Amino acid sequence: MEELERTEVVLLACGSFNPITNMHLRLFELARDHMNSTGKYRVVKGIISPVGDAYKKKGLIPAHHRVTMAELATKTSGWVEVDPWESLQKEWVETVKVLRHHQERLEAGSCHQWQNSPEQEKPSRKRKWAEPRQNSTQKKPLQPNTKAAPQVKLLCGADLLESFGVPNLWKSEDIARILADYGLVCVTRAGSDAQKFIYESDVLWRHRHDIHLVNEWVTNDISSTKIRRALRRGQSIRYLVPDPVQEYIQEHGIYSAESEDRNLGVVLAPLQRNIEEDAS
Amino acid sequence: MKNRIPVVLLACGSFNPITNMHLRLFEVARDHLHKTGMYQVVEGIISPVNDNYGKKDLVPSHHRVAMVRLALQTSDWIRVDSWESEQVQWMETVKVLRHHQSQLLRSATRMEGLDPDKPPSDLTAAPELKLLCGADILKTFQTPNLWKDSHIQEIVEKFGLVCVSRAGHDPQGYILGSPILSKYRHNIHLAREPVPNEISATYVRRALSQGQSVKYLLPDAVIGYIKDHGLYMTDSSQKGRSTQRNKGKTS
């Protein structure tokens with residue numbers, strides 16, 4: 001019966017995934033093991049949400065390639081999937097809005113699920129969430145103790161946590177919302193400064209109970225930047241990214257000196273927006 | 001590519017189990033040797049150690065060989081070789097090198113249709129065999145009683161080493177600190193892993209025994225094999241194994 005009391009969690013990872021590497025995929029595995037081992041949570045799904053092209057990060061290749069590579073990488077996963085919604089938006093979307101979008105969709109989905117197929121625990125991987133959000137009046141009254149929709153939490157590495165300290169990158173109210181309304185699962189290297197970083201930030205300290213720190217005991221530095229660098233130098237990236245991703249990159253010749261210069265000199269969308277909003 | 005020296009890379013070790021990091025050693029070493037402009041890597045060989053090596057938690061070699069074979073399904077240049085693991089006794093690495101060298105010579109003579117008893121001066125086509133290792137191996141050369149000096153000398157003099165360095169190791173320092181390695185340092189190729197990751201087999205075994213995920217640390221086919229055969233599920237030293245218990249012999 002203990003299982004019933006666990007809070008169901010969906011882990012959402014936002015980022016460039018330019019390209020997705022085994023490190024990104026490990027974050028999910030480590031976070032799920034950690035959350036499940038607390039006895040309080042049960043991770044039911046992982047979502048990879050590649051950022052849209054309007055993010056304007058240097059070297060960011062078109063979203064359709066990044067989404068396809070993430071899909072190829074998760075083909076063998078029974079629980080992690082790719083969602084292109086964020087990548088399809090014309091404008092860059094704040095992470096808190098991506099979280100909200102997925103939370104709302106899960107809530108809509110859990111109503112739908114109860115109405116149509118009560119036995120079905122999880123929707124199939126390929127299912128499209130096209131149905132509009134259910135009106136609250138449509139909710140069926142027959143299960144007063146219906147299972148609540150899973151809780152979306154933001155999954156990240158220590159670099160994202162530390163980016164909270166970069167001026168103008170995040171709105172402080174967004175940081176507070178992310179932590180208070182959703183929560184953060186942050187995978188950090190054993191012995192890293194994450195604890196200290198939380199202690200030294202007022203907003204993080206206030207919400208420290210909404211931050212789950214997951215220790216990573218094995219150095220895992222397979223950053224996308226290093227992958228792209230190795231590719232430009234003609235070095236092998238095998239066994240650092242899943243084989244189908246490596247094949248896709250070779251086949252389409254995606255990364256080159258030219259692709260690395262995309263958005264060169266362009267201000268990152270969040271910086272642009274936050275500076276403009278501060279000025280007005 | 002024409003005048004390049006053909007090279008075969010041999011990696012010895014427990015492979016208990018093989019991880020993506022072992023596979024990376026080969027990729028990084030091949031890139032490095034090709035970049036020198038002098039060598040053409042024609043083959044990689046993985047030789048899992050004999051059960052009588054006696055290392056703690058070593059699962060029977062037929063499993064280790066099978067896992068390596070699965071991991072190499074998608075590689076078109078690396079193969080597993082079970083000869084070392086099938087010998088009645090553990091043997092020194094230099095003897096494994098000698099065995100593979102003679103195999104290479106034999107197949108070179110076969111290809112040229114030469115008499116195997118002819119002097120080796122005719123055998124220009126036989127590739128050079130080099131030992132592939134992580135930088136930690138260079139460090140163990142300094143461990144007293146682990147290696148015979150004559151063996152170290154033979155490895156670096158007759159064969160050559162390709163050493164892939166990991167974070168925290170200073171391979172240049174190990175070489176300069178050893179008279180033998182210094183003397184033959186032209187035969188020691190230091191390659192650097194451009195994307196450091198430290199997937200130790202020890203960590204993988206511990207994670208498995210604790211029921212944690214090891215996905216993306218080793219190929220899916222290997223994880224499937226481990227699950228199917230119930231390997232590393234508990235502390236294997238407590239498990240009564242019907243097959244080939246290790247004899248507690250140390251190297």
# chains A, B, ... in the order shown; residues from 1 in each chain; ligands from 1

$ interface_residues --of "chain B" --to "chain A" --cutoff "7 Å" --atoms "only C-alpha atoms" --output "ChimeraX atom specification"
/B:20,23-24,27-28,31,194-199,212-213,216

$ select_by_dssp --residues "stretch 8-242 of chain A" --states "strand (DSSP E or B)" --output "short mmCIF file (atom, residue, chain, number, x, y, z; two decimals) with all heavy atoms, in the first residue's frame"
data_model
loop_
_atom_site.label_atom_id
_atom_site.label_comp_id
_atom_site.auth_asym_id
_atom_site.auth_seq_id
_atom_site.Cartn_x
_atom_site.Cartn_y
_atom_site.Cartn_z
N GLU A 8 3.57 10.78 -7.63
CA GLU A 8 4.10 10.49 -8.96
C GLU A 8 4.77 11.73 -9.53
O GLU A 8 4.26 12.84 -9.39
CB GLU A 8 2.98 10.03 -9.89
CG GLU A 8 2.45 8.66 -9.50
CD GLU A 8 1.58 8.05 -10.57
OE1 GLU A 8 0.97 8.81 -11.36
OE2 GLU A 8 1.51 6.81 -10.61
N VAL A 9 5.91 11.50 -10.13
CA VAL A 9 6.72 12.62 -10.62
C VAL A 9 7.04 12.42 -12.10
O VAL A 9 7.32 11.30 -12.53
CB VAL A 9 8.03 12.74 -9.81
CG1 VAL A 9 9.01 13.69 -10.48
CG2 VAL A 9 7.74 13.19 -8.38
N VAL A 10 6.97 13.52 -12.83
CA VAL A 10 7.48 13.53 -14.21
C VAL A 10 8.68 14.46 -14.23
O VAL A 10 8.62 15.58 -13.75
CB VAL A 10 6.39 14.04 -15.19
CG1 VAL A 10 7.00 14.31 -16.57
CG2 VAL A 10 5.26 13.04 -15.31
N LEU A 11 9.80 13.95 -14.72
CA LEU A 11 11.01 14.75 -14.77
C LEU A 11 11.11 15.43 -16.14
O LEU A 11 11.07 14.77 -17.17
CB LEU A 11 12.24 13.86 -14.55
CG LEU A 11 12.34 13.18 -13.20
CD1 LEU A 11 13.47 12.14 -13.21
CD2 LEU A 11 12.58 14.20 -12.09
N LEU A 12 11.26 16.74 -16.10
CA LEU A 12 11.35 17.50 -17.35
C LEU A 12 12.75 18.12 -17.46
O LEU A 12 13.19 18.82 -16.55
CB LEU A 12 10.31 18.63 -17.35
CG LEU A 12 10.38 19.61 -18.52
CD1 LEU A 12 9.87 18.97 -19.81
CD2 LEU A 12 9.58 20.88 -18.21
N ALA A 13 13.43 17.82 -18.55
CA ALA A 13 14.76 18.42 -18.76
C ALA A 13 14.68 19.39 -19.93
O ALA A 13 14.26 19.02 -21.02
CB ALA A 13 15.79 17.34 -19.05
N CYS A 14 15.04 20.64 -19.65
CA CYS A 14 15.07 21.66 -20.70
C CYS A 14 16.53 21.94 -21.04
O CYS A 14 17.40 21.85 -20.18
CB CYS A 14 14.41 22.95 -20.21
SG CYS A 14 12.64 22.77 -19.94
N GLY A 15 16.80 22.28 -22.28
CA GLY A 15 18.18 22.58 -22.65
C GLY A 15 18.33 22.58 -24.16
O GLY A 15 17.36 22.41 -24.90
N TYR A 41 8.55 9.30 -3.63
CA TYR A 41 8.19 9.62 -5.01
C TYR A 41 8.26 8.38 -5.88
O TYR A 41 8.98 7.42 -5.58
CB TYR A 41 9.16 10.67 -5.58
CG TYR A 41 9.15 11.96 -4.81
CD1 TYR A 41 10.13 12.22 -3.85
CD2 TYR A 41 8.17 12.93 -5.04
CE1 TYR A 41 10.13 13.40 -3.13
CE2 TYR A 41 8.16 14.11 -4.33
CZ TYR A 41 9.14 14.35 -3.37
OH TYR A 41 9.13 15.51 -2.66
N ARG A 42 7.52 8.46 -6.96
CA ARG A 42 7.66 7.44 -7.98
C ARG A 42 7.74 8.16 -9.33
O ARG A 42 6.81 8.84 -9.73
CB ARG A 42 6.47 6.48 -7.97
CG ARG A 42 6.67 5.26 -8.87
CD ARG A 42 5.86 4.08 -8.35
NE ARG A 42 4.45 4.44 -8.23
CZ ARG A 42 3.58 4.29 -9.23
NH1 ARG A 42 3.95 3.77 -10.38
NH2 ARG A 42 2.31 4.64 -9.07
N VAL A 43 8.88 8.04 -9.98
CA VAL A 43 9.06 8.70 -11.27
C VAL A 43 8.37 7.87 -12.34
O VAL A 43 8.68 6.70 -12.52
CB VAL A 43 10.55 8.88 -11.60
CG1 VAL A 43 10.73 9.48 -12.99
CG2 VAL A 43 11.22 9.77 -10.55
N VAL A 44 7.39 8.48 -13.01
CA VAL A 44 6.63 7.74 -14.01
C VAL A 44 7.04 8.07 -15.44
O VAL A 44 6.75 7.32 -16.36
CB VAL A 44 5.10 7.97 -13.84
CG1 VAL A 44 4.64 7.39 -12.51
CG2 VAL A 44 4.73 9.44 -13.95
N LYS A 45 7.69 9.22 -15.60
CA LYS A 45 8.05 9.60 -16.96
C LYS A 45 9.17 10.63 -16.95
O LYS A 45 9.33 11.38 -15.99
CB LYS A 45 6.82 10.19 -17.67
CG LYS A 45 7.05 10.48 -19.13
CD LYS A 45 5.78 10.58 -19.96
CE LYS A 45 4.98 11.84 -19.70
NZ LYS A 45 3.94 12.02 -20.74
N GLY A 46 9.92 10.64 -18.03
CA GLY A 46 10.90 11.69 -18.24
C GLY A 46 10.60 12.36 -19.57
O GLY A 46 10.21 11.69 -20.52
N ILE A 47 10.74 13.66 -19.61
CA ILE A 47 10.49 14.40 -20.86
C ILE A 47 11.73 15.23 -21.20
O ILE A 47 12.25 15.96 -20.35
CB ILE A 47 9.28 15.36 -20.74
CG1 ILE A 47 8.01 14.59 -20.36
CG2 ILE A 47 9.07 16.13 -22.05
CD1 ILE A 47 6.82 15.49 -20.08
N ILE A 48 12.18 15.10 -22.42
CA ILE A 48 13.26 15.95 -22.92
C ILE A 48 12.63 17.02 -23.80
O ILE A 48 11.90 16.71 -24.74
CB ILE A 48 14.26 15.11 -23.75
CG1 ILE A 48 14.99 14.14 -22.82
CG2 ILE A 48 15.26 16.02 -24.47
CD1 ILE A 48 15.91 13.18 -23.55
N SER A 49 12.90 18.27 -23.48
CA SER A 49 12.29 19.37 -24.21
C SER A 49 13.39 20.27 -24.79
O SER A 49 13.86 21.19 -24.12
CB SER A 49 11.38 20.17 -23.27
OG SER A 49 10.81 21.27 -23.94
N PRO A 50 13.79 20.00 -26.03
CA PRO A 50 14.84 20.84 -26.62
C PRO A 50 14.36 22.28 -26.82
O PRO A 50 13.21 22.51 -27.19
CB PRO A 50 15.13 20.16 -27.97
CG PRO A 50 14.65 18.75 -27.79
CD PRO A 50 13.45 18.89 -26.90
N VAL A 80 11.69 7.53 -20.92
CA VAL A 80 12.03 8.90 -21.29
C VAL A 80 11.58 9.17 -22.72
O VAL A 80 11.81 8.34 -23.60
CB VAL A 80 13.56 9.15 -21.16
CG1 VAL A 80 13.89 10.61 -21.51
CG2 VAL A 80 14.05 8.83 -19.76
N GLU A 81 10.93 10.30 -22.94
CA GLU A 81 10.50 10.65 -24.29
C GLU A 81 10.82 12.10 -24.61
O GLU A 81 11.20 12.88 -23.74
CB GLU A 81 9.00 10.35 -24.45
CG GLU A 81 8.13 11.06 -23.44
CD GLU A 81 6.70 10.53 -23.46
OE1 GLU A 81 6.51 9.32 -23.26
OE2 GLU A 81 5.78 11.34 -23.65
N VAL A 82 10.67 12.43 -25.87
CA VAL A 82 10.99 13.77 -26.34
C VAL A 82 9.70 14.51 -26.62
O VAL A 82 8.77 13.94 -27.18
CB VAL A 82 11.83 13.70 -27.63
CG1 VAL A 82 12.22 15.10 -28.09
CG2 VAL A 82 13.05 12.84 -27.41
N GLN A 151 3.35 15.14 -10.65
CA GLN A 151 3.94 16.44 -10.45
C GLN A 151 5.15 16.60 -11.37
O GLN A 151 6.02 15.73 -11.37
CB GLN A 151 4.40 16.49 -8.99
CG GLN A 151 4.67 17.83 -8.42
CD GLN A 151 5.02 17.69 -6.95
OE1 GLN A 151 6.13 17.32 -6.60
NE2 GLN A 151 4.06 17.98 -6.08
N VAL A 152 5.18 17.69 -12.11
CA VAL A 152 6.34 17.92 -12.98
C VAL A 152 7.45 18.56 -12.16
O VAL A 152 7.21 19.49 -11.38
CB VAL A 152 5.98 18.85 -14.15
CG1 VAL A 152 7.21 19.11 -15.03
CG2 VAL A 152 4.88 18.24 -15.00
N LYS A 153 8.64 18.02 -12.28
CA LYS A 153 9.80 18.66 -11.65
C LYS A 153 10.86 18.90 -12.72
O LYS A 153 10.99 18.12 -13.66
CB LYS A 153 10.36 17.77 -10.54
CG LYS A 153 9.42 17.69 -9.34
CD LYS A 153 10.10 17.01 -8.17
CE LYS A 153 9.14 16.89 -6.98
NZ LYS A 153 8.78 18.22 -6.41
N LEU A 154 11.60 19.97 -12.52
CA LEU A 154 12.64 20.31 -13.49
C LEU A 154 13.91 19.52 -13.16
O LEU A 154 14.43 19.57 -12.04
CB LEU A 154 12.92 21.81 -13.45
CG LEU A 154 13.90 22.35 -14.50
CD1 LEU A 154 13.36 22.15 -15.90
CD2 LEU A 154 14.20 23.82 -14.25
N LEU A 155 14.38 18.79 -14.14
CA LEU A 155 15.61 18.01 -13.96
C LEU A 155 16.78 18.80 -14.55
O LEU A 155 16.68 19.32 -15.66
CB LEU A 155 15.47 16.68 -14.70
CG LEU A 155 16.73 15.81 -14.84
CD1 LEU A 155 17.22 15.35 -13.48
CD2 LEU A 155 16.45 14.61 -15.74
N CYS A 156 17.86 18.88 -13.81
CA CYS A 156 18.99 19.66 -14.35
C CYS A 156 20.31 19.18 -13.78
O CYS A 156 20.37 18.41 -12.84
CB CYS A 156 18.81 21.14 -14.02
SG CYS A 156 18.90 21.52 -12.28
N GLY A 157 21.38 19.66 -14.39
CA GLY A 157 22.71 19.45 -13.87
C GLY A 157 23.12 20.67 -13.06
O GLY A 157 22.39 21.67 -13.02
N LEU A 184 12.94 21.20 -8.10
CA LEU A 184 14.11 20.98 -8.92
C LEU A 184 14.78 19.67 -8.50
O LEU A 184 14.90 19.38 -7.31
CB LEU A 184 15.07 22.15 -8.66
CG LEU A 184 16.14 22.50 -9.68
CD1 LEU A 184 15.47 22.96 -10.97
CD2 LEU A 184 17.01 23.61 -9.14
N VAL A 185 15.18 18.88 -9.47
CA VAL A 185 16.00 17.70 -9.18
C VAL A 185 17.34 17.96 -9.88
O VAL A 185 17.39 18.05 -11.10
CB VAL A 185 15.35 16.41 -9.71
CG1 VAL A 185 16.22 15.21 -9.36
CG2 VAL A 185 13.96 16.24 -9.13
N CYS A 186 18.35 18.13 -9.07
CA CYS A 186 19.62 18.61 -9.61
C CYS A 186 20.72 17.56 -9.39
O CYS A 186 21.01 17.20 -8.25
CB CYS A 186 19.97 19.93 -8.93
SG CYS A 186 21.51 20.62 -9.50
N VAL A 187 21.29 17.08 -10.48
CA VAL A 187 22.35 16.07 -10.39
C VAL A 187 23.69 16.80 -10.33
O VAL A 187 24.01 17.58 -11.22
CB VAL A 187 22.31 15.12 -11.60
CG1 VAL A 187 23.40 14.07 -11.49
CG2 VAL A 187 20.94 14.45 -11.71
N THR A 188 24.42 16.57 -9.26
CA THR A 188 25.69 17.28 -9.10
C THR A 188 26.80 16.28 -8.80
O THR A 188 26.58 15.22 -8.25
CB THR A 188 25.65 18.27 -7.93
OG1 THR A 188 25.58 17.53 -6.71
CG2 THR A 188 24.48 19.20 -8.04
N ARG A 189 27.98 16.69 -9.21
CA ARG A 189 29.14 15.86 -8.94
C ARG A 189 29.37 15.78 -7.44
O ARG A 189 29.24 16.78 -6.73
CB ARG A 189 30.35 16.51 -9.60
CG ARG A 189 31.56 15.66 -9.62
CD ARG A 189 32.47 16.11 -10.73
NE ARG A 189 31.68 16.34 -11.95
CZ ARG A 189 32.03 17.20 -12.87
NH1 ARG A 189 33.10 17.93 -12.73
NH2 ARG A 189 31.29 17.35 -13.95
N ILE A 211 14.48 21.58 -3.52
CA ILE A 211 15.61 21.18 -4.38
C ILE A 211 16.11 19.81 -3.94
O ILE A 211 16.52 19.62 -2.80
CB ILE A 211 16.76 22.20 -4.29
CG1 ILE A 211 16.27 23.61 -4.65
CG2 ILE A 211 17.91 21.79 -5.21
CD1 ILE A 211 17.30 24.71 -4.43
N HIS A 212 16.05 18.87 -4.83
CA HIS A 212 16.58 17.54 -4.55
C HIS A 212 17.96 17.43 -5.18
O HIS A 212 18.09 17.52 -6.40
CB HIS A 212 15.68 16.46 -5.14
CG HIS A 212 14.29 16.50 -4.60
ND1 HIS A 212 13.90 15.75 -3.52
CD2 HIS A 212 13.21 17.20 -4.98
CE1 HIS A 212 12.62 15.99 -3.26
NE2 HIS A 212 12.18 16.88 -4.14
N LEU A 213 18.96 17.28 -4.35
CA LEU A 213 20.31 17.13 -4.91
C LEU A 213 20.64 15.65 -5.05
O LEU A 213 20.49 14.87 -4.12
CB LEU A 213 21.35 17.79 -3.99
CG LEU A 213 21.35 19.33 -3.98
CD1 LEU A 213 22.46 19.83 -3.07
CD2 LEU A 213 21.51 19.90 -5.37
N VAL A 214 21.06 15.27 -6.23
CA VAL A 214 21.40 13.88 -6.53
C VAL A 214 22.91 13.81 -6.75
O VAL A 214 23.44 14.55 -7.58
CB VAL A 214 20.68 13.40 -7.81
CG1 VAL A 214 20.98 11.94 -8.07
CG2 VAL A 214 19.18 13.65 -7.72
N ASN A 215 23.56 12.94 -6.01
CA ASN A 215 25.01 12.83 -6.19
C ASN A 215 25.36 11.96 -7.38
O ASN A 215 24.79 10.90 -7.59
CB ASN A 215 25.65 12.20 -4.95
CG ASN A 215 25.99 13.24 -3.92
OD1 ASN A 215 26.34 14.37 -4.28
ND2 ASN A 215 25.88 12.88 -2.65
N GLU A 216 26.33 12.43 -8.10
CA GLU A 216 26.84 11.64 -9.21
C GLU A 216 28.27 11.28 -8.84
O GLU A 216 29.12 12.14 -8.64
CB GLU A 216 26.82 12.51 -10.47
CG GLU A 216 27.37 11.81 -11.66
CD GLU A 216 27.40 12.73 -12.85
OE1 GLU A 216 27.90 13.85 -12.74
OE2 GLU A 216 26.92 12.30 -13.90
N ASN A 220 31.34 12.66 -15.18
CA ASN A 220 30.62 12.52 -16.44
C ASN A 220 30.60 13.90 -17.09
O ASN A 220 29.75 14.71 -16.82
CB ASN A 220 29.20 12.03 -16.14
CG ASN A 220 28.38 11.86 -17.39
OD1 ASN A 220 28.77 12.27 -18.47
ND2 ASN A 220 27.23 11.26 -17.24
N ARG A 238 32.17 8.14 -30.77
CA ARG A 238 31.45 6.89 -30.48
C ARG A 238 31.49 6.57 -29.00
O ARG A 238 32.48 6.84 -28.32
CB ARG A 238 32.09 5.72 -31.24
CG ARG A 238 31.64 5.66 -32.67
CD ARG A 238 31.71 4.25 -33.20
NE ARG A 238 30.58 3.46 -32.73
CZ ARG A 238 30.36 2.21 -33.15
NH1 ARG A 238 31.17 1.64 -34.00
NH2 ARG A 238 29.33 1.55 -32.70
N VAL A 241 27.85 9.31 -27.31
CA VAL A 241 26.44 9.54 -27.64
C VAL A 241 25.91 8.19 -28.14
O VAL A 241 26.70 7.35 -28.57
CB VAL A 241 26.28 10.62 -28.74
CG1 VAL A 241 26.93 11.92 -28.34
CG2 VAL A 241 26.84 10.14 -30.07
#

$ residues_around --residues "B:Val41" --least-positions-apart "4" --cutoff "9 Å" --atoms "only C-alpha atoms" --output "number ranges by chain"
B: 5-9, 30-31, 33-34, 77, 127

$ select_by_dssp --residues "stretch 50-224 of chain B" --states "helix (DSSP H, G or I)" --output "number ranges by chain"
B: 51-53, 61-71, 83-86, 93-112, 120-122, 135-140, 149-159, 171-176, 179-183, 185-187, 201-209, 220-224

$ residues_around --residues "B:His62" --least-positions-apart "4" --cutoff "10 Å" --atoms "only C-alpha atoms" --output "list in words"
Pro48, Asn50, Asp51, Ala66, Met67, Val68, Ser82, Ser85 and Glu86 of chain B

$ closest_residue --among "A:Glu277, A:Glu86, A:Met69, A:Ser172" --to "A:His101" --atoms "only C-alpha atoms"
A:Glu86

$ residues_around --residues "A:His252" --least-positions-apart "4" --cutoff "12 Å" --atoms "only C-alpha atoms" --output "PyMOL selection string"
chain A and resi 61+65-66+68-69+245-248+256

$ residues_around --residues "stretch 93-105 of chain B" --least-positions-apart "2" --cutoff "9 Å" --atoms "only C-alpha atoms" --output "ChimeraX atom specification"
/B:10,12,47,83-84,91,107-110,116,120,123,125-131,151-152,154-155,159

$ write_last_selection --atoms "N, CA, C and O atoms" --output "compact mmCIF listing (two decimals), in the first residue's frame"
# COMPACT_ATOMS: atom_id res chain seq x y z
N LEU B 10 46.08 -3.95 -28.87
CA LEU B 10 45.63 -5.02 -27.97
C LEU B 10 45.36 -4.44 -26.59
O LEU B 10 46.23 -3.78 -26.01
N CYS B 12 44.41 -5.52 -22.74
CA CYS B 12 44.26 -6.60 -21.76
C CYS B 12 43.58 -6.03 -20.51
O CYS B 12 43.75 -4.85 -20.19
N SER B 47 41.25 -8.63 -25.00
CA SER B 47 41.61 -9.93 -24.46
C SER B 47 41.29 -9.98 -22.96
O SER B 47 42.08 -9.55 -22.14
N TRP B 83 41.58 -16.32 -26.33
CA TRP B 83 42.73 -17.19 -26.11
C TRP B 83 43.29 -17.06 -24.68
O TRP B 83 43.44 -18.04 -23.98
N GLU B 84 43.53 -15.83 -24.26
CA GLU B 84 44.11 -15.62 -22.92
C GLU B 84 43.20 -16.21 -21.84
O GLU B 84 43.67 -16.86 -20.90
N MET B 91 48.46 -15.55 -17.16
CA MET B 91 49.78 -15.31 -17.74
C MET B 91 50.08 -13.82 -17.81
O MET B 91 49.18 -12.98 -17.83
N SER B 107 49.74 -15.11 -39.94
CA SER B 107 48.75 -14.79 -40.97
C SER B 107 49.37 -13.94 -42.07
O SER B 107 48.97 -14.03 -43.23
N ALA B 108 50.41 -13.15 -41.72
CA ALA B 108 51.10 -12.37 -42.76
C ALA B 108 51.82 -13.31 -43.71
O ALA B 108 51.79 -13.13 -44.93
N THR B 109 52.48 -14.34 -43.18
CA THR B 109 53.19 -15.28 -44.06
C THR B 109 52.20 -16.05 -44.91
O THR B 109 52.43 -16.28 -46.09
N ARG B 110 51.07 -16.42 -44.27
CA ARG B 110 50.05 -17.14 -45.05
C ARG B 110 49.59 -16.30 -46.23
O ARG B 110 49.47 -16.79 -47.34
N PRO B 116 56.72 -20.33 -43.46
CA PRO B 116 56.78 -19.74 -42.12
C PRO B 116 58.16 -19.84 -41.47
O PRO B 116 58.46 -19.11 -40.52
N PRO B 120 62.31 -13.55 -40.88
CA PRO B 120 61.25 -12.55 -40.85
C PRO B 120 61.55 -11.30 -41.66
O PRO B 120 60.72 -10.42 -41.73
N LEU B 123 58.93 -10.41 -44.09
CA LEU B 123 57.56 -10.20 -43.65
C LEU B 123 57.27 -8.72 -43.41
O LEU B 123 57.00 -8.30 -42.31
N ALA B 125 54.75 -7.10 -44.35
CA ALA B 125 53.34 -6.76 -44.25
C ALA B 125 52.75 -6.97 -42.85
O ALA B 125 51.65 -6.52 -42.59
N ALA B 126 53.47 -7.65 -41.96
CA ALA B 126 52.90 -7.91 -40.64
C ALA B 126 52.75 -6.62 -39.87
O ALA B 126 53.68 -5.83 -39.79
N PRO B 127 51.54 -6.36 -39.33
CA PRO B 127 51.34 -5.12 -38.58
C PRO B 127 52.11 -5.12 -37.27
O PRO B 127 52.46 -6.18 -36.75
N GLU B 128 52.36 -3.95 -36.76
CA GLU B 128 52.95 -3.82 -35.43
C GLU B 128 51.84 -4.02 -34.40
O GLU B 128 50.73 -3.53 -34.58
N LEU B 129 52.19 -4.73 -33.35
CA LEU B 129 51.23 -4.94 -32.27
C LEU B 129 51.59 -3.99 -31.13
O LEU B 129 52.74 -3.94 -30.70
N LYS B 130 50.63 -3.24 -30.67
CA LYS B 130 50.88 -2.33 -29.55
C LYS B 130 49.87 -2.57 -28.43
O LYS B 130 48.71 -2.89 -28.69
N LEU B 131 50.37 -2.40 -27.22
CA LEU B 131 49.50 -2.58 -26.06
C LEU B 131 48.75 -1.28 -25.80
O LEU B 131 49.35 -0.21 -25.67
N HIS B 151 59.90 -7.55 -18.31
CA HIS B 151 58.66 -7.55 -19.08
C HIS B 151 58.29 -6.14 -19.55
O HIS B 151 57.86 -5.94 -20.68
N ILE B 152 58.44 -5.19 -18.64
CA ILE B 152 58.15 -3.80 -19.02
C ILE B 152 59.04 -3.42 -20.20
O ILE B 152 58.58 -2.85 -21.19
N GLU B 154 60.46 -5.35 -22.41
CA GLU B 154 60.06 -6.02 -23.66
C GLU B 154 58.81 -5.36 -24.26
O GLU B 154 58.72 -5.18 -25.48
N ILE B 155 57.87 -4.99 -23.40
CA ILE B 155 56.64 -4.36 -23.90
C ILE B 155 56.96 -3.06 -24.64
O ILE B 155 56.50 -2.85 -25.76
N PHE B 159 57.27 -4.01 -28.59
CA PHE B 159 55.89 -3.78 -29.04
C PHE B 159 55.57 -2.29 -29.08
O PHE B 159 55.40 -1.72 -30.15

$ residues_around --residues "A:Lys171" --least-positions-apart "4" --cutoff "12 Å" --atoms "only C-alpha atoms" --output "PyMOL selection string"
chain A and resi 94-96+163-167+175-178+203+270-271+273-275+277-278
